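structure_28.pdb (PDB, C-alpha atoms and all ligand atoms)
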```pdb
ATOM      1  CA  MET A 516      81.711 110.328 113.676
ATOM      2  CA  THR A 517      82.506 114.000 113.101
ATOM      3  CA  ARG A 518      83.410 114.944 109.593
ATOM      4  CA  THR A 519      86.644 116.848 109.089
ATOM      5  CA  PRO A 520      85.715 120.380 108.044
ATOM      6  CA  TYR A 521      87.009 121.317 104.629
ATOM      7  CA  SER A 522      88.866 124.567 104.349
ATOM      8  CA  THR A 523      90.722 126.478 101.706
ATOM      9  CA  VAL A 524      93.056 128.143 104.219
ATOM     10  CA  PRO A 525      96.679 127.814 103.023
ATOM     11  CA  ILE A 526      98.363 124.585 104.134
ATOM     12  CA  ALA A 527     100.870 126.158 106.536
ATOM     13  CA  GLU A 528      98.109 127.855 108.558
ATOM     14  CA  ARG A 529      95.909 124.824 108.888
ATOM     15  CA  VAL A 530      95.441 122.817 112.035
ATOM     16  CA  THR A 531      93.614 119.895 110.375
ATOM     17  CA  PRO A 532      96.026 117.076 109.619
ATOM     18  CA  GLN A 533      96.560 116.776 105.906
ATOM     19  CA  SER A 534      96.157 113.443 104.236
ATOM     20  CA  VAL A 535      97.406 114.634 100.859
ATOM     21  CA  ALA A 536      99.291 117.901 100.392
ATOM     22  CA  LEU A 537     100.374 119.199  96.990
ATOM     23  CA  ARG A 538     102.706 122.176  96.943
ATOM     24  CA  GLY A 539     103.417 124.027  93.722
ATOM     25  CA  VAL A 540     102.860 120.939  91.578
ATOM     26  CA  VAL A 541     103.793 121.565  87.939
ATOM     27  CA  LYS A 542     103.463 118.894  85.257
ATOM     28  CA  THR A 543     104.812 119.557  81.804
ATOM     29  CA  TYR A 544     104.760 117.149  78.879
ATOM     30  CA  ARG A 545     107.516 117.542  76.300
ATOM     31  CA  SER A 546     107.141 116.613  72.684
ATOM     32  CA  GLY A 547     110.152 117.461  70.533
ATOM     33  CA  THR A 548     110.990 121.081  71.230
ATOM     34  CA  SER A 549     107.581 122.080  72.552
ATOM     35  CA  ALA A 550     106.411 121.704  76.144
ATOM     36  CA  THR A 551     102.811 121.744  77.355
ATOM     37  CA  ALA A 552     102.081 122.680  80.948
ATOM     38  CA  VAL A 553      99.196 120.478  82.084
ATOM     39  CA  LEU A 554      99.368 121.440  85.774
ATOM     40  CA  GLY A 555     100.388 125.039  86.355
ATOM     41  CA  GLY A 556     101.576 124.995  89.973
ATOM     42  CA  ILE A 557      98.902 123.422  92.139
ATOM     43  CA  THR A 558      98.885 123.960  95.910
ATOM     44  CA  LEU A 559      96.048 122.003  97.425
ATOM     45  CA  ALA A 560      95.373 119.883 100.488
ATOM     46  CA  PHE A 561      92.937 117.064 101.101
ATOM     47  CA  PRO A 562      92.222 116.790 104.847
ATOM     48  CA  ARG A 563      92.189 113.411 106.556
ATOM     49  CA  ARG A 564      88.796 111.731 106.580
ATOM     50  CA  SER A 565      87.443 113.993 103.861
ATOM     51  CA  PHE A 566      85.794 113.210 100.535
ATOM     52  CA  THR A 567      86.740 115.598  97.733
ATOM     53  CA  ALA A 568      85.444 115.623  94.173
ATOM     54  CA  VAL A 569      87.596 117.063  91.381
ATOM     55  CA  MET A 570      85.684 118.445  88.398
ATOM     56  CA  GLY A 571      86.544 120.352  85.252
ATOM     57  CA  PRO A 572      86.418 120.262  81.453
ATOM     58  CA  SER A 573      87.880 117.348  79.561
ATOM     59  CA  GLY A 574      91.613 117.876  79.089
ATOM     60  CA  SER A 575      91.896 120.330  82.010
ATOM     61  CA  GLY A 576      94.327 118.093  83.894
ATOM     62  CA  LYS A 577      92.111 116.271  86.410
ATOM     63  CA  SER A 578      93.545 112.806  85.760
ATOM     64  CA  THR A 579      97.081 114.185  85.705
ATOM     65  CA  LEU A 580      96.409 115.807  89.084
ATOM     66  CA  LEU A 581      95.069 112.533  90.478
ATOM     67  CA  HIS A 582      98.040 110.583  89.081
ATOM     68  CA  CYS A 583     100.562 113.043  90.533
ATOM     69  CA  ALA A 584      98.766 113.087  93.913
ATOM     70  CA  ALA A 585      98.785 109.267  93.990
ATOM     71  CA  GLY A 586     102.410 108.824  92.952
ATOM     72  CA  LEU A 587     101.482 107.225  89.623
ATOM     73  CA  GLU A 588     103.254 110.075  87.829
ATOM     74  CA  ARG A 589     106.017 112.323  89.040
ATOM     75  CA  PRO A 590     105.493 116.101  88.954
ATOM     76  CA  THR A 591     107.949 118.097  86.840
ATOM     77  CA  SER A 592     108.413 120.289  89.929
ATOM     78  CA  GLY A 593     106.741 120.804  93.296
ATOM     79  CA  SER A 594     106.051 118.243  95.983
ATOM     80  CA  VAL A 595     103.390 115.773  97.044
ATOM     81  CA  ALA A 596     103.124 114.428 100.589
ATOM     82  CA  ILE A 597     100.756 111.760 101.852
ATOM     83  CA  ASP A 598     100.388 111.466 105.624
ATOM     84  CA  GLY A 599     103.717 113.225 105.946
ATOM     85  CA  THR A 600     105.652 111.048 103.464
ATOM     86  CA  GLU A 601     107.142 113.095 100.628
ATOM     87  CA  LEU A 602     106.452 111.004  97.527
ATOM     88  CA  THR A 603     108.803 113.134  95.502
ATOM     89  CA  GLY A 604     111.670 111.955  97.725
ATOM     90  CA  LEU A 605     111.048 108.226  97.130
ATOM     91  CA  ASP A 606     112.831 106.130  94.512
ATOM     92  CA  GLU A 607     110.761 103.941  92.162
ATOM     93  CA  THR A 608     110.856 100.858  94.387
ATOM     94  CA  ALA A 609     109.874 102.767  97.516
ATOM     95  CA  LEU A 610     107.152 104.627  95.607
ATOM     96  CA  THR A 611     105.682 101.369  94.267
ATOM     97  CA  ARG A 612     105.718  99.900  97.768
ATOM     98  CA  PHE A 613     104.101 103.032  99.206
ATOM     99  CA  ARG A 614     101.292 102.920  96.630
ATOM    100  CA  ARG A 615     100.747  99.221  97.243
ATOM    101  CA  ASP A 616     100.751  99.500 101.034
ATOM    102  CA  ARG A 617      99.089 102.868 101.674
ATOM    103  CA  LEU A 618      96.817 103.721  98.742
ATOM    104  CA  GLY A 619      93.677 102.355  97.124
ATOM    105  CA  PHE A 620      92.609 102.880  93.519
ATOM    106  CA  VAL A 621      89.182 102.688  91.905
ATOM    107  CA  PHE A 622      88.938 103.288  88.155
ATOM    108  CA  GLN A 623      86.003 103.569  85.753
ATOM    109  CA  SER A 624      87.078 100.308  84.110
ATOM    110  CA  TYR A 625      87.223  98.353  87.440
ATOM    111  CA  ASN A 626      90.653  96.807  86.605
ATOM    112  CA  LEU A 627      89.801  93.329  87.881
ATOM    113  CA  LEU A 628      91.598  90.196  86.721
ATOM    114  CA  SER A 629      89.128  88.105  84.741
ATOM    115  CA  THR A 630      90.734  84.731  85.501
ATOM    116  CA  LEU A 631      90.533  85.243  89.272
ATOM    117  CA  THR A 632      87.469  84.975  91.512
ATOM    118  CA  VAL A 633      86.119  87.940  93.469
ATOM    119  CA  ARG A 634      87.859  86.693  96.623
ATOM    120  CA  GLN A 635      91.168  86.196  94.768
ATOM    121  CA  ASN A 636      90.914  89.665  93.198
ATOM    122  CA  ILE A 637      90.462  91.426  96.511
ATOM    123  CA  THR A 638      93.220  89.517  98.316
ATOM    124  CA  LEU A 639      95.749  89.806  95.465
ATOM    125  CA  PRO A 640      97.353  93.111  96.604
ATOM    126  CA  ALA A 641      97.950  91.650 100.089
ATOM    127  CA  GLU A 642      99.408  88.488  98.562
ATOM    128  CA  LEU A 643     101.750  90.483  96.347
ATOM    129  CA  ALA A 644     102.871  92.399  99.430
ATOM    130  CA  SER A 645     103.253  89.146 101.434
ATOM    131  CA  ARG A 646     100.816  90.605 103.918
ATOM    132  CA  ARG A 647      98.444  88.314 105.782
ATOM    133  CA  VAL A 648      94.747  89.043 105.633
ATOM    134  CA  THR A 649      92.467  87.042 107.865
ATOM    135  CA  THR A 650      89.521  85.087 106.504
ATOM    136  CA  ALA A 651      87.347  87.157 108.869
ATOM    137  CA  ALA A 652      88.570  90.434 107.330
ATOM    138  CA  VAL A 653      87.805  89.154 103.826
ATOM    139  CA  ARG A 654      84.385  87.903 104.913
ATOM    140  CA  ASP A 655      83.651  91.221 106.622
ATOM    141  CA  VAL A 656      84.530  93.389 103.625
ATOM    142  CA  LEU A 657      82.587  91.124 101.235
ATOM    143  CA  ALA A 658      79.530  91.307 103.507
ATOM    144  CA  ARG A 659      79.772  95.082 103.931
ATOM    145  CA  LEU A 660      79.831  95.526 100.176
ATOM    146  CA  GLY A 661      76.995  93.082  99.543
ATOM    147  CA  LEU A 662      79.271  90.627  97.753
ATOM    148  CA  ASP A 663      79.177  87.659 100.132
ATOM    149  CA  ARG A 664      77.206  85.503  97.693
ATOM    150  CA  HIS A 665      79.665  86.278  94.892
ATOM    151  CA  ALA A 666      82.985  85.459  96.570
ATOM    152  CA  ASP A 667      83.716  82.589  94.179
ATOM    153  CA  ALA A 668      82.318  84.244  91.032
ATOM    154  CA  ARG A 669      84.479  85.517  88.151
ATOM    155  CA  PRO A 670      84.148  89.275  87.447
ATOM    156  CA  ALA A 671      82.608  88.730  83.987
ATOM    157  CA  THR A 672      79.551  87.081  85.546
ATOM    158  CA  LEU A 673      78.812  90.196  87.640
ATOM    159  CA  SER A 674      77.085  93.476  86.750
ATOM    160  CA  GLY A 675      79.119  96.667  86.351
ATOM    161  CA  GLY A 676      77.986  97.901  89.749
ATOM    162  CA  GLN A 677      78.993  94.633  91.395
ATOM    163  CA  GLN A 678      82.401  94.719  89.673
ATOM    164  CA  GLN A 679      82.987  98.260  90.920
ATOM    165  CA  ARG A 680      82.043  97.095  94.428
ATOM    166  CA  VAL A 681      84.716  94.388  94.101
ATOM    167  CA  ALA A 682      87.238  97.107  93.191
ATOM    168  CA  ILE A 683      86.190  99.082  96.285
ATOM    169  CA  ALA A 684      86.403  95.934  98.443
ATOM    170  CA  ARG A 685      89.939  95.363  97.125
ATOM    171  CA  ALA A 686      90.879  98.953  98.034
ATOM    172  CA  LEU A 687      89.263  98.788 101.504
ATOM    173  CA  LEU A 688      90.854  95.478 102.471
ATOM    174  CA  ASN A 689      94.202  97.202 102.177
ATOM    175  CA  GLU A 690      93.104  99.799 104.812
ATOM    176  CA  PRO A 691      94.552 102.590 102.682
ATOM    177  CA  ALA A 692      95.279 106.120 103.882
ATOM    178  CA  VAL A 693      93.740 107.470 100.692
ATOM    179  CA  ILE A 694      91.444 106.051  98.025
ATOM    180  CA  PHE A 695      91.890 107.686  94.617
ATOM    181  CA  ALA A 696      88.893 107.212  92.332
ATOM    182  CA  ASP A 697      88.890 108.233  88.646
ATOM    183  CA  GLU A 698      85.317 108.414  87.291
ATOM    184  CA  PRO A 699      84.221 105.453  89.460
ATOM    185  CA  THR A 700      80.565 105.797  88.401
ATOM    186  CA  GLY A 701      81.231 106.720  84.766
ATOM    187  CA  ALA A 702      80.112 103.335  83.403
ATOM    188  CA  LEU A 703      77.252 102.670  85.837
ATOM    189  CA  ASP A 704      73.499 103.259  85.795
ATOM    190  CA  SER A 705      72.143 105.666  88.408
ATOM    191  CA  ARG A 706      71.172 102.964  90.915
ATOM    192  CA  ALA A 707      74.560 101.216  90.823
ATOM    193  CA  ALA A 708      76.277 104.607  90.883
ATOM    194  CA  ALA A 709      74.371 105.585  94.037
ATOM    195  CA  GLN A 710      75.497 102.353  95.746
ATOM    196  CA  VAL A 711      79.125 102.910  94.790
ATOM    197  CA  LEU A 712      79.014 106.531  95.993
ATOM    198  CA  GLY A 713      77.425 105.411  99.268
ATOM    199  CA  LEU A 714      80.286 102.954  99.769
ATOM    200  CA  LEU A 715      82.898 105.632  99.100
ATOM    201  CA  ARG A 716      81.059 107.917 101.549
ATOM    202  CA  ASP A 717      81.133 105.110 104.159
ATOM    203  CA  ALA A 718      84.831 104.601 103.498
ATOM    204  CA  VAL A 719      85.276 108.126 104.874
ATOM    205  CA  ASP A 720      82.566 108.282 107.558
ATOM    206  CA  VAL A 721      82.790 104.715 108.885
ATOM    207  CA  SER A 722      86.302 103.519 108.014
ATOM    208  CA  GLY A 723      88.099 106.861 108.350
ATOM    209  CA  ARG A 724      89.664 106.859 104.880
ATOM    210  CA  THR A 725      90.314 109.907 102.695
ATOM    211  CA  VAL A 726      88.714 109.835  99.240
ATOM    212  CA  VAL A 727      89.702 111.930  96.215
ATOM    213  CA  MET A 728      87.418 111.369  93.223
ATOM    214  CA  VAL A 729      87.491 112.763  89.691
ATOM    215  CA  THR A 730      83.972 112.964  88.255
ATOM    216  CA  HIS A 731      81.894 114.669  85.569
ATOM    217  CA  ASP A 732      78.667 114.006  87.388
ATOM    218  CA  PRO A 733      77.140 116.699  89.668
ATOM    219  CA  VAL A 734      75.170 114.006  91.522
ATOM    220  CA  ALA A 735      78.380 112.111  92.295
ATOM    221  CA  ALA A 736      80.124 115.349  93.291
ATOM    222  CA  SER A 737      77.299 116.255  95.695
ATOM    223  CA  VAL A 738      78.164 113.206  97.824
ATOM    224  CA  ALA A 739      81.585 114.738  98.569
ATOM    225  CA  ASP A 740      82.437 117.215 101.337
ATOM    226  CA  ALA A 741      83.884 119.625  98.803
ATOM    227  CA  VAL A 742      84.314 120.035  95.062
ATOM    228  CA  VAL A 743      87.504 121.421  93.566
ATOM    229  CA  PHE A 744      86.812 122.958  90.151
ATOM    230  CA  PHE A 745      89.662 122.746  87.753
ATOM    231  CA  ALA A 746      90.306 124.515  84.432
ATOM    232  CA  ASP A 747      93.452 124.824  82.299
ATOM    233  CA  GLY A 748      95.627 123.123  84.900
ATOM    234  CA  GLN A 749      94.601 125.489  87.698
ATOM    235  CA  VAL A 750      92.177 125.288  90.618
ATOM    236  CA  ARG A 751      89.451 127.844  89.872
ATOM    237  CA  GLU A 752      87.182 127.396  92.837
ATOM    238  CA  THR A 753      86.278 125.179  95.790
ATOM    239  CA  LEU A 754      82.680 124.530  96.758
ATOM    240  CA  VAL A 755      82.113 123.222 100.285
ATOM    241  CA  ARG A 756      79.123 120.973 101.150
ATOM    242  CA  PRO A 757      77.978 120.986  97.522
ATOM    243  CA  SER A 758      74.388 120.503  96.387
ATOM    244  CA  VAL A 759      73.687 119.017  92.958
ATOM    245  CA  GLU A 760      72.182 122.353  91.870
ATOM    246  CA  ALA A 761      75.142 124.404  93.112
ATOM    247  CA  VAL A 762      77.608 122.071  91.357
ATOM    248  CA  ALA A 763      75.654 122.185  88.089
ATOM    249  CA  ALA A 764      75.398 125.987  88.293
ATOM    250  CA  ARG A 765      79.118 126.332  88.937
ATOM    251  CA  MET A 766      79.908 123.994  86.063
ATOM    252  CA  ALA A 767      77.784 126.105  83.742
ATOM    253  CA  THR A 768      79.566 129.270  84.912
ATOM    254  CA  LEU A 769      82.938 127.680  84.342
ATOM    255  CA  GLY A 770      81.857 126.374  80.941
ATOM    256  CA  VAL A 771      82.240 122.751  81.952
ATOM    257  CA  ALA A 772      80.290 120.349  79.790
ATOM    258  CA  ILE A 773      78.175 118.054  81.959
ATOM    259  CA  GLY A 774      78.995 114.426  81.189
ATOM    260  CA  THR A 775      76.555 112.025  79.581
ATOM    261  CA  ASP A 776      75.727 110.693  83.030
ATOM    262  CA  GLY A 777      75.168 114.182  84.400
ATOM    263  CA  GLY A 778      71.402 114.254  84.194
ATOM    264  CA  ARG A 779      70.756 111.759  86.982
TER     265      ARG A 779
HETATM  266  P1  LIG B 801      91.371 115.458  82.177
HETATM  267  O1  LIG B 801      91.500 114.315  83.125
HETATM  268  O2  LIG B 801      90.900 116.719  82.821
HETATM  269  O3  LIG B 801      90.524 115.116  80.982
HETATM  270  P2  LIG B 801      94.136 114.920  81.581
HETATM  271  O4  LIG B 801      94.863 115.105  82.870
HETATM  272  O5  LIG B 801      93.845 113.556  81.131
HETATM  273  O6  LIG B 801      92.805 115.813  81.616
HETATM  274  O7  LIG B 801      94.963 115.625  80.415
HETATM  275  C1  LIG B 801      95.301 117.012  80.436
HETATM  276  C2  LIG B 801      96.127 117.331  79.215
HETATM  277  O8  LIG B 801      97.376 116.682  79.295
HETATM  278  C3  LIG B 801      95.490 116.899  77.907
HETATM  279  O9  LIG B 801      95.676 117.923  76.969
HETATM  280  C4  LIG B 801      96.284 115.667  77.525
HETATM  281  O10 LIG B 801      96.357 115.553  76.126
HETATM  282  C5  LIG B 801      97.642 115.956  78.127
HETATM  283  N1  LIG B 801      98.360 114.717  78.506
HETATM  284  C6  LIG B 801      97.955 113.848  79.455
HETATM  285  N2  LIG B 801      98.842 112.832  79.575
HETATM  286  C7  LIG B 801      99.822 113.077  78.658
HETATM  287  C8  LIG B 801     101.030 112.403  78.283
HETATM  288  N3  LIG B 801     101.414 111.258  78.879
HETATM  289  N4  LIG B 801     101.790 112.962  77.309
HETATM  290  C9  LIG B 801     101.412 114.115  76.733
HETATM  291  N5  LIG B 801     100.304 114.814  77.041
HETATM  292  C10 LIG B 801      99.513 114.295  77.987
END
```
Output the structure of this file as C-alpha cells.
Ligand code: ADP
Amino acid sequence: MTRTPYSTVPIAERVTPQSVALRGVVKTYRSGTSATAVLGGITLAFPRRSFTAVMGPSGSGKSTLLHCAAGLERPTSGSVAIDGTELTGLDETALTRFRRDRLGFVFQSYNLLSTLTVRQNITLPAELASRRVTTAAVRDVLARLGLDRHADARPATLSGGQQQRVAIARALLNEPAVIFADEPTGALDSRAAAQVLGLLRDAVDVSGRTVVMVTHDPVAASVADAVVFFADGQVRETLVRPSVEAVAARMATLGVAIGTDGGR
C-alpha cells in the first residue's frame, strides 16, 4: 500500500485529501481577569492514511492541540474539520456521536473498565452506539493484536503492553477515520512499546486509518511519517520521514527535554 506523502504545503493548495484540518485554532484559558493563550492560531493538516507524531516541551500545548483536533475540547476560535465535517459546527450531542462513531482514542493510562473482560471492553463502544459487531470481526481484531487467548481476561490480569493492545483493539474495531493517541507508550517498557507502535503503524499501512500521536520519545516519533514540533502553542517545525537521531537532534535544538523513556 502506498503511503500518503506528508507535505507542509498550505491546506488550500494541497491535493491530498485531508483527514484532519485545523485552521487558525486558538485556545485560551481564562482565570479571573487573566487569559492564557495555549494555542496561538494553529493551521495544520494531517493527511489521510498518515501517521504524525506531535512533540514539544511539557506545557507547550500538545495535549490541548490533540483534544481540540479530536473534538474533546472546543477551540476559542478557528475551525477543525475531520473528513470534511466541521466539528466546530456541531452541537454537543452531534459532537459526542461523531467522536463515538468516527474516532478512536488511545491514552497512556489505557482507560479500560476493570470489571469488564477484554472482549466486553472492546465491544462496549459499539454497544453504546447500538451498532452490531460480528463475532468474526471481534475474533479477527483480537487475533491481529495477539489477544485471542485473553478475550475473557480482566484488564488487571494483563501486562501494561497487553492492556494498551486492548485499547488499540477497541479503537480499531470501531473502524475510525482517525486514531488519536496521547503518550500511548509512556508507561511501557521498550519491547511492549515497540509492539504498540507497530500496531499503530499497521493501523495506517494495513487498515488505512490516520494516526495522530503525542509523544516525548524520539524512538516512538521515528515510527511516524512526520513529526510536528511544537513550542509555546505554535508549530515550530515539521520533520518528514524522521530518524531517531534527527528527532533527538531537533529536540535538543528546540530545547525539548527528552522524556524518561527517551533513551530507548
Ligand atoms: P502539553 O501537552 O504540551 O504538556 P498541555 O496542552 O497539557 O501541554 O497544556 C498547555 C498549557 O495549558 C499548560 O500551561 C497548562 O497548564 C494549560 N492548561 C491546559 N488545560 C488547561 C485548563 N483546562 N485550564 C487552564 N489551563 C490549562
Near-ligand residues for ligand LIG 801 (chain B), threshold 9 Å, all atoms listed in the file, as a list in words: Lys542, Thr543, Tyr544, Arg545, Ser546, Thr551, Ala552, Val553, Leu554, Met570, Gly571, Pro572, Ser573, Gly574, Ser575, Gly576, Lys577, Ser578, Thr579, Leu580, Leu581, His582, Asp697, Val729, Phe745, Ala746, Asp747 and Gly748 of chain A
Point-to-point distance in Å for atom CA of A:Ala718 and atom CA of A:Gly593: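 Distance between the two atoms: 29.1 Å.
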Straight-line distance linking atom CA of A:Ala763 with atom CA of A:Asp732, stated in Å to one decimal: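 It comes out at 8.7 Å.
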Atom CA of A:Leu703 to atom CA of A:Phe744, straight-line distance in Å: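 So the two atoms, atom CA of A:Phe744 and atom CA of A:Leu703, lie 22.8 Å apart.
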Selection under test: the PyMOL selection byres (((chain A and resi 564) around 7) and not hetatm); residues as a list in words: Arg518, Thr519, Pro562, Arg563, Ser565, Phe566, Val719, Gly723, Arg724 and Thr725 of chain A
Residue IDs satisfying the PyMOL selection byres (((chain A and resi 669) around 8) and not hetatm), as a list in words: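 On the file shown, the PyMOL selection byres (((chain A and resi 669) around 8) and not hetatm) covers Ser629, Thr630, Leu631, Thr632, Val633, Asp667, Ala668, Pro670, Ala671, Thr672 and Leu673 of chain A.
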Expected answer as a ChimeraX atom specification: all residues with atoms within 7 Å of (82.7, 105.0, 91.2), all atoms listed in the file: /A:621,623,679,696,698-701,708,711-712
Of the listed residues A:Ala644, A:Ala658, A:Ala666, A:Ile683, that which approaches A:Val726 most closely, counting all atoms listed in the file: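 Result for the nearest residue to A:Val726: A:Ile683.
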Residues selected by the PyMOL selection byres (((chain A and resi 639) around 12) and not hetatm), written as a list in words: Arg615, Leu627, Leu628, Leu631, Thr632, Val633, Arg634, Gln635, Asn636, Ile637, Thr638, Pro640, Ala641, Glu642, Leu643, Ala644, Ser645, Arg646, Arg647, Val648, Val653, Ala682, Ala684, Arg685, Ala686, Leu688 and Asn689 of chain A
Dump of C-alpha atoms for the selected residues, as a tab-separated table (two decimals), in the frame of the given file:
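That gives us part_36.tsv:
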```
chain	number	residue	atom	x	y	z
A	615	ARG	CA	100.75	99.22	97.24
A	627	LEU	CA	89.80	93.33	87.88
A	628	LEU	CA	91.60	90.20	86.72
A	631	LEU	CA	90.53	85.24	89.27
A	632	THR	CA	87.47	84.98	91.51
A	633	VAL	CA	86.12	87.94	93.47
A	634	ARG	CA	87.86	86.69	96.62
A	635	GLN	CA	91.17	86.20	94.77
A	636	ASN	CA	90.91	89.66	93.20
A	637	ILE	CA	90.46	91.43	96.51
A	638	THR	CA	93.22	89.52	98.32
A	640	PRO	CA	97.35	93.11	96.60
A	641	ALA	CA	97.95	91.65	100.09
A	642	GLU	CA	99.41	88.49	98.56
A	643	LEU	CA	101.75	90.48	96.35
A	644	ALA	CA	102.87	92.40	99.43
A	645	SER	CA	103.25	89.15	101.43
A	646	ARG	CA	100.82	90.60	103.92
A	647	ARG	CA	98.44	88.31	105.78
A	648	VAL	CA	94.75	89.04	105.63
A	653	VAL	CA	87.80	89.15	103.83
A	682	ALA	CA	87.24	97.11	93.19
A	684	ALA	CA	86.40	95.93	98.44
A	685	ARG	CA	89.94	95.36	97.12
A	686	ALA	CA	90.88	98.95	98.03
A	688	LEU	CA	90.85	95.48	102.47
A	689	ASN	CA	94.20	97.20	102.18
```
Counting only C-alpha atoms, the option among A:Leu662, A:Met728, A:Val681, A:Ala739 closest to A:Phe695: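 When distances to A:Phe695 are compared using only C-alpha atoms, the smallest one comes from A:Met728.
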Counting only C-alpha atoms, the residue of A:Thr650, A:Ser674, A:Thr591, A:Thr548 that sits nearest A:Ala702: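 Of the candidates, the smallest distance to A:Ala702 is held by A:Ser674.
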